[in-house]
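One structure below.
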Amino acid sequence: MDSQNFYEELIEYDLNPYLLFDANGKVKSYNKEAEFLLNFVSIKELFQLAVSNASANFGFNQKYIALKYNKQSYYAILVGYLSEDEIALRLYKVVSNKVNTINNEKLKLVNIFSLIDLSKNSTLLSSSLKIDELYDISIPEMRININNFLLCLNECFLYFAQDDKISLQVQIKIGEYEIIDNNKYKIVALEFISNRKVEIDNSLENKAINANANIFINHNRLKLELPIIP
Amino acid sequence: MKKFIAQSEASKKILNIAQMSSSLPVNVLIIGEVGVGKKLLAQNILPDATYFEAKVLEETFINDKFNIDEYKELIILNIDNVLNKKEFLTYLNGLKIVATSNRNLTDVESQFAIKIDIPPLSKRVEDLEELKKIYLHEANNIYNTNIDINDVELDLSLNGNTLRKSIYKTVSMRALSDEDMMESLEYFISKKFDEDKDYRDLLKYFEIALLNAAKIKYKSQLKMATKLNLNRITLRKKLEQYFKETSSTTQGI
């Protein structure tokens, strides 16, 4: 194997995503991680990210920047270009210390809609927020850490308490599963949709982790995903 | 046990939250001004639980006199009076707690999955009306009177606490017979003797009440003097003595 092929293979199997764009933002090549990443973020957005963080002159520019696409967070990027025709982008993953296990001791079988109602009513007692609710009532009772889930939900409702109107959709994700401790669970998604851009801090993220939930932000949407543990 | 009155929309929601919370293994914090019904609501959530004043409980922790194993759930009143709330709640870890507080507790809010903020009575009009009816009915029954609510000067400064007191006070005073009043005065004066008051000092308790009532009834000093059959100069002197009034500031002369 010559060194050129060796470097190509190294990039292909790198745990960090790598993309090479042409001058028009079209992807010329990418590795496996980038292929996975493109499920959650558009090529256009990544090209913009590369262009806006490129060095003024030909060369490479490293920048520490917090990014999150789907469940994966990134702490830095590397942008490089040696001609006007190509620009490369590499994203550096944050090492996750989240252990994909669940403490069964504190889980109780409960109707998730009761908890949503309880959290909504107690948090929004003096708020005039209107909520359009779209609930899939076929969601069965599931095991939840009630205390931690309520603390997480309270903060979500509190975040939108000053809005005029949001919608809340609670549905099972069709065809998607979460593997925890070698068990496969269906996923329920609670999606809050606002008329403004959603930005959250670490506090809510930590509360979601404590509630065994994953949290996703996408422009005006905040989504919590929980495994349906029967 | 007394009921938490829930006639207003806000209170109905609050009661609903309380009922839903009672079966869940989570701590509840009830926040509100004095007299809004925090303790009643706490007892609605945990009807069989023992309740403690937080400050008293804190002292029993310090003296190591509290046996936590005796309890599964507790109502803690006025938890905002505890100095180190985190340590206090750590001590109670494992119990279901319903705590009340007069103010928000940002330092330990993560310990309470449910927070219920009870608005003051003045903002719960339907509850206020219902409470007025209940207290007036109670007081009229006790004193065998038929006082109308419009004749009562209501005090909402401490919500239900002062509302009840103000209604009972008016009704009880209206219910006094001449004999009751004389007996009451006798008791009042005998207590004042302990403060070494002489005849002149004690006279003011009669005269101020008499002059106040006459002022309200007759409006002017001239009419007061005529109706009380009192010399106008004497009346003026007494008004000056007790109310710092002079003829120039008194209307209707």
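Residues in the structure tokens are numbered from 1 in each chain, the chains being A, B, ... in the order shown, and ligands are numbered from 1 in the order shown.
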> Got a sec to tell me which of region 46-77 of chain A DSSP assigns to helix (DSSP H, G or I), as a list in words?
Replying inline: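 The helix (DSSP H, G or I) residues within region 46-77 of chain A come out as Leu46, Phe47, Gln48, Leu49, Ala50, Val51 and Ser52 of chain A.
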Would you export the selected residues with N, CA and C atoms as a CSV table (one decimal), in the first residue's frame, please?
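The result, written out as part.csv:
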```csv
chain,number,residue,atom,x,y,z
A,46,LEU,N,-22.9,22.6,6.5
A,46,LEU,CA,-21.5,22.2,6.8
A,46,LEU,C,-20.6,23.0,5.9
A,47,PHE,N,-21.0,23.3,4.7
A,47,PHE,CA,-20.1,24.1,3.8
A,47,PHE,C,-20.0,25.5,4.3
A,48,GLN,N,-21.2,26.0,4.8
A,48,GLN,CA,-21.2,27.4,5.3
A,48,GLN,C,-20.2,27.4,6.6
A,49,LEU,N,-20.3,26.4,7.3
A,49,LEU,CA,-19.5,26.3,8.5
A,49,LEU,C,-18.0,26.3,8.1
A,50,ALA,N,-17.6,25.6,7.1
A,50,ALA,CA,-16.2,25.6,6.6
A,50,ALA,C,-15.8,26.9,6.1
A,51,VAL,N,-16.6,27.5,5.2
A,51,VAL,CA,-16.3,28.8,4.6
A,51,VAL,C,-16.1,29.9,5.6
A,52,SER,N,-17.1,29.9,6.5
A,52,SER,CA,-17.1,31.0,7.5
A,52,SER,C,-15.9,30.9,8.5
```
Taking a cut-off of 9 Å and counting only C-alpha atoms, can you build a table that, for each residue of chain B near chain A, reports the nearest atom pair and how far apart they are in Å (one decimal), sorted by chain then residue number, as JSON lines?
```
{"residue": "B:Ala10", "atom": "CA", "partner": "A:Leu125", "partner_atom": "CA", "distance": 7.2}
{"residue": "B:Lys13", "atom": "CA", "partner": "A:Asn121", "partner_atom": "CA", "distance": 7.1}
{"residue": "B:Ile14", "atom": "CA", "partner": "A:Ser122", "partner_atom": "CA", "distance": 7.5}
{"residue": "B:Asn16", "atom": "CA", "partner": "A:Leu118", "partner_atom": "CA", "distance": 8.6}
{"residue": "B:Ile17", "atom": "CA", "partner": "A:Leu118", "partner_atom": "CA", "distance": 6.0}
{"residue": "B:Met20", "atom": "CA", "partner": "A:Leu118", "partner_atom": "CA", "distance": 7.1}
{"residue": "B:Ser21", "atom": "CA", "partner": "A:Leu118", "partner_atom": "CA", "distance": 7.8}
{"residue": "B:Leu24", "atom": "CA", "partner": "A:Ile146", "partner_atom": "CA", "distance": 7.8}
{"residue": "B:Pro25", "atom": "CA", "partner": "A:Asn147", "partner_atom": "CA", "distance": 7.3}
{"residue": "B:Val26", "atom": "CA", "partner": "A:Asn147", "partner_atom": "CA", "distance": 5.6}
{"residue": "B:Asn27", "atom": "CA", "partner": "A:Asn147", "partner_atom": "CA", "distance": 8.1}
{"residue": "B:Ser110", "atom": "CA", "partner": "A:Leu151", "partner_atom": "CA", "distance": 7.0}
{"residue": "B:Gln111", "atom": "CA", "partner": "A:Asn147", "partner_atom": "CA", "distance": 8.9}
{"residue": "B:Phe112", "atom": "CA", "partner": "A:Leu151", "partner_atom": "CA", "distance": 7.9}
{"residue": "B:Ala113", "atom": "CA", "partner": "A:Leu151", "partner_atom": "CA", "distance": 5.2}
{"residue": "B:Ile114", "atom": "CA", "partner": "A:Ser122", "partner_atom": "CA", "distance": 6.8}
{"residue": "B:Lys115", "atom": "CA", "partner": "A:Ser122", "partner_atom": "CA", "distance": 6.2}
{"residue": "B:Ile116", "atom": "CA", "partner": "A:Ser122", "partner_atom": "CA", "distance": 5.8}
{"residue": "B:Asp117", "atom": "CA", "partner": "A:Leu125", "partner_atom": "CA", "distance": 7.5}
{"residue": "B:Ile118", "atom": "CA", "partner": "A:Leu125", "partner_atom": "CA", "distance": 9.0}
{"residue": "B:Pro119", "atom": "CA", "partner": "A:Ser126", "partner_atom": "CA", "distance": 8.9}
```
Atoms to include: C-alpha atoms. Write the selected residues as a PDB file, in the first residue's frame.
```pdb
ATOM      1  CA  ALA B  10     -56.630  28.623  39.865  1.00  0.00           C
ATOM      2  CA  LYS B  13     -56.070  23.467  39.094  1.00  0.00           C
ATOM      3  CA  ILE B  14     -54.056  23.528  42.321  1.00  0.00           C
ATOM      4  CA  ASN B  16     -55.989  18.754  40.837  1.00  0.00           C
ATOM      5  CA  ILE B  17     -52.175  18.994  40.970  1.00  0.00           C
ATOM      6  CA  MET B  20     -52.208  13.851  41.246  1.00  0.00           C
ATOM      7  CA  SER B  21     -49.092  14.393  43.366  1.00  0.00           C
ATOM      8  CA  LEU B  24     -46.402   9.832  43.157  1.00  0.00           C
ATOM      9  CA  PRO B  25     -43.032   9.208  44.849  1.00  0.00           C
ATOM     10  CA  VAL B  26     -41.918  12.834  44.559  1.00  0.00           C
ATOM     11  CA  ASN B  27     -41.463  15.771  46.921  1.00  0.00           C
ATOM     12  CA  SER B 110     -34.154  20.525  42.452  1.00  0.00           C
ATOM     13  CA  GLN B 111     -35.299  18.570  45.520  1.00  0.00           C
ATOM     14  CA  PHE B 112     -38.934  19.219  44.652  1.00  0.00           C
ATOM     15  CA  ALA B 113     -40.265  17.766  41.420  1.00  0.00           C
ATOM     16  CA  ILE B 114     -43.566  19.542  41.951  1.00  0.00           C
ATOM     17  CA  LYS B 115     -43.956  23.149  42.976  1.00  0.00           C
ATOM     18  CA  ILE B 116     -47.360  24.636  43.673  1.00  0.00           C
ATOM     19  CA  ASP B 117     -47.632  28.395  43.914  1.00  0.00           C
ATOM     20  CA  ILE B 118     -50.872  29.428  45.652  1.00  0.00           C
ATOM     21  CA  PRO B 119     -51.949  32.982  44.749  1.00  0.00           C
TER      22      PRO B 119
END
```
Do a neighbour search on Tyr74 (chain A) at 12 Å with only C-alpha atoms, toss out local chain neighbours closer than 2 positions, and write the hits as a PDB file with N, CA and C atoms, in the first residue's frame.
```pdb
ATOM      1  N   LEU A  15     -12.572   8.351  13.494  1.00  0.00           N
ATOM      2  CA  LEU A  15     -13.815   8.487  14.280  1.00  0.00           C
ATOM      3  C   LEU A  15     -14.423   9.882  14.131  1.00  0.00           C
ATOM      4  N   ASN A  16     -13.653  10.826  13.571  1.00  0.00           N
ATOM      5  CA  ASN A  16     -14.149  12.189  13.384  1.00  0.00           C
ATOM      6  C   ASN A  16     -14.562  12.401  11.932  1.00  0.00           C
ATOM      7  N   PRO A  17     -15.672  13.107  11.702  1.00  0.00           N
ATOM      8  CA  PRO A  17     -16.138  13.301  10.326  1.00  0.00           C
ATOM      9  C   PRO A  17     -15.195  14.196   9.507  1.00  0.00           C
ATOM     10  N   LEU A  37     -23.062  11.645   9.779  1.00  0.00           N
ATOM     11  CA  LEU A  37     -23.398  13.017  10.187  1.00  0.00           C
ATOM     12  C   LEU A  37     -24.396  13.659   9.223  1.00  0.00           C
ATOM     13  N   LYS A  63     -10.336  25.780  15.043  1.00  0.00           N
ATOM     14  CA  LYS A  63     -11.172  26.655  15.867  1.00  0.00           C
ATOM     15  C   LYS A  63     -11.921  25.812  16.889  1.00  0.00           C
ATOM     16  N   TYR A  64     -11.868  26.244  18.154  1.00  0.00           N
ATOM     17  CA  TYR A  64     -12.647  25.554  19.199  1.00  0.00           C
ATOM     18  C   TYR A  64     -14.059  26.123  19.192  1.00  0.00           C
ATOM     19  N   ILE A  65     -14.986  25.281  18.857  1.00  0.00           N
ATOM     20  CA  ILE A  65     -16.358  25.741  18.683  1.00  0.00           C
ATOM     21  C   ILE A  65     -17.299  24.612  19.132  1.00  0.00           C
ATOM     22  N   ALA A  66     -18.321  24.959  19.921  1.00  0.00           N
ATOM     23  CA  ALA A  66     -19.247  23.923  20.417  1.00  0.00           C
ATOM     24  C   ALA A  66     -20.371  23.713  19.408  1.00  0.00           C
ATOM     25  N   LEU A  67     -20.460  22.500  18.912  1.00  0.00           N
ATOM     26  CA  LEU A  67     -21.506  22.161  17.932  1.00  0.00           C
ATOM     27  C   LEU A  67     -22.227  20.920  18.397  1.00  0.00           C
ATOM     28  N   LYS A  68     -23.498  20.798  17.985  1.00  0.00           N
ATOM     29  CA  LYS A  68     -24.223  19.578  18.317  1.00  0.00           C
ATOM     30  C   LYS A  68     -25.143  19.218  17.160  1.00  0.00           C
ATOM     31  N   TYR A  69     -24.977  18.035  16.649  1.00  0.00           N
ATOM     32  CA  TYR A  69     -25.865  17.533  15.613  1.00  0.00           C
ATOM     33  C   TYR A  69     -26.417  16.197  16.096  1.00  0.00           C
ATOM     34  N   ASN A  70     -27.738  16.117  16.167  1.00  0.00           N
ATOM     35  CA  ASN A  70     -28.391  14.940  16.727  1.00  0.00           C
ATOM     36  C   ASN A  70     -27.835  14.693  18.129  1.00  0.00           C
ATOM     37  N   LYS A  71     -27.403  13.482  18.440  1.00  0.00           N
ATOM     38  CA  LYS A  71     -26.936  13.219  19.799  1.00  0.00           C
ATOM     39  C   LYS A  71     -25.470  13.590  19.989  1.00  0.00           C
ATOM     40  N   GLN A  72     -24.768  13.846  18.893  1.00  0.00           N
ATOM     41  CA  GLN A  72     -23.322  14.012  18.983  1.00  0.00           C
ATOM     42  C   GLN A  72     -22.895  15.478  19.123  1.00  0.00           C
ATOM     43  N   ALA A  76     -14.459  21.082  18.320  1.00  0.00           N
ATOM     44  CA  ALA A  76     -13.554  21.882  17.488  1.00  0.00           C
ATOM     45  C   ALA A  76     -13.706  21.486  16.016  1.00  0.00           C
ATOM     46  N   ILE A  77     -13.234  22.374  15.151  1.00  0.00           N
ATOM     47  CA  ILE A  77     -13.206  22.038  13.719  1.00  0.00           C
ATOM     48  C   ILE A  77     -11.833  22.406  13.155  1.00  0.00           C
ATOM     49  N   LEU A  78     -11.520  21.766  12.036  1.00  0.00           N
ATOM     50  CA  LEU A  78     -10.309  22.114  11.288  1.00  0.00           C
ATOM     51  C   LEU A  78     -10.750  22.387   9.856  1.00  0.00           C
ATOM     52  N   ARG A  90     -13.034  19.203   8.990  1.00  0.00           N
ATOM     53  CA  ARG A  90     -12.975  18.059   9.905  1.00  0.00           C
ATOM     54  C   ARG A  90     -13.582  18.506  11.235  1.00  0.00           C
ATOM     55  N   LEU A  91     -14.461  17.678  11.779  1.00  0.00           N
ATOM     56  CA  LEU A  91     -15.084  18.007  13.073  1.00  0.00           C
ATOM     57  C   LEU A  91     -14.541  17.070  14.143  1.00  0.00           C
ATOM     58  N   TYR A  92     -14.322  17.596  15.339  1.00  0.00           N
ATOM     59  CA  TYR A  92     -13.751  16.789  16.429  1.00  0.00           C
ATOM     60  C   TYR A  92     -14.823  16.471  17.466  1.00  0.00           C
ATOM     61  N   LYS A  93     -15.060  15.190  17.645  1.00  0.00           N
ATOM     62  CA  LYS A  93     -16.124  14.755  18.543  1.00  0.00           C
ATOM     63  C   LYS A  93     -15.765  14.968  20.020  1.00  0.00           C
ATOM     64  N   VAL A  94     -16.792  15.297  20.793  1.00  0.00           N
ATOM     65  CA  VAL A  94     -16.647  15.309  22.255  1.00  0.00           C
ATOM     66  C   VAL A  94     -16.784  13.861  22.709  1.00  0.00           C
ATOM     67  N   VAL A  95     -15.854  13.442  23.552  1.00  0.00           N
ATOM     68  CA  VAL A  95     -15.946  12.067  24.044  1.00  0.00           C
ATOM     69  C   VAL A  95     -17.101  12.016  25.036  1.00  0.00           C
ATOM     70  N   SER A  96     -18.047  11.144  24.780  1.00  0.00           N
ATOM     71  CA  SER A  96     -19.212  11.059  25.654  1.00  0.00           C
ATOM     72  C   SER A  96     -18.915  10.139  26.825  1.00  0.00           C
TER      73      SER A  96
END
```
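With only C-alpha atoms as the atoms that count, the minimum distance from Leu77 (chain B) to the choices B:Lys133, B:Lys96, B:Arg164, B:Lys55 is reached by B:Lys55.
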For Asp22 (chain A), work out the shell of residues within 8 Å, counting only C-alpha atoms and skipping chain neighbours fewer than 5 positions away, then give it as a tab-separated table (two decimals) with C-alpha atoms, in the first residue's frame.
```tsv
chain	number	residue	atom	x	y	z
A	27	VAL	CA	-19.23	17.30	-1.57
A	28	LYS	CA	-16.31	15.76	-3.44
A	85	ASP	CA	-11.22	24.88	-5.88
A	86	GLU	CA	-11.40	22.77	-2.72
A	87	ILE	CA	-12.02	23.23	0.99
```
>> Can you pull out the residues contacting Asp136 (chain A)? Cut-off 8 Å, using only C-alpha atoms, and skip same-chain residues under 4 positions away; I want them as an MDAnalysis selection string.
In response: chainID A and resid 170:172
> Distance CA of Tyr159 (chain A)-CA of Ile200 (chain A), one decimal place?
Replying inline: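 That distance, rounded to one decimal, is 8.5 Å.
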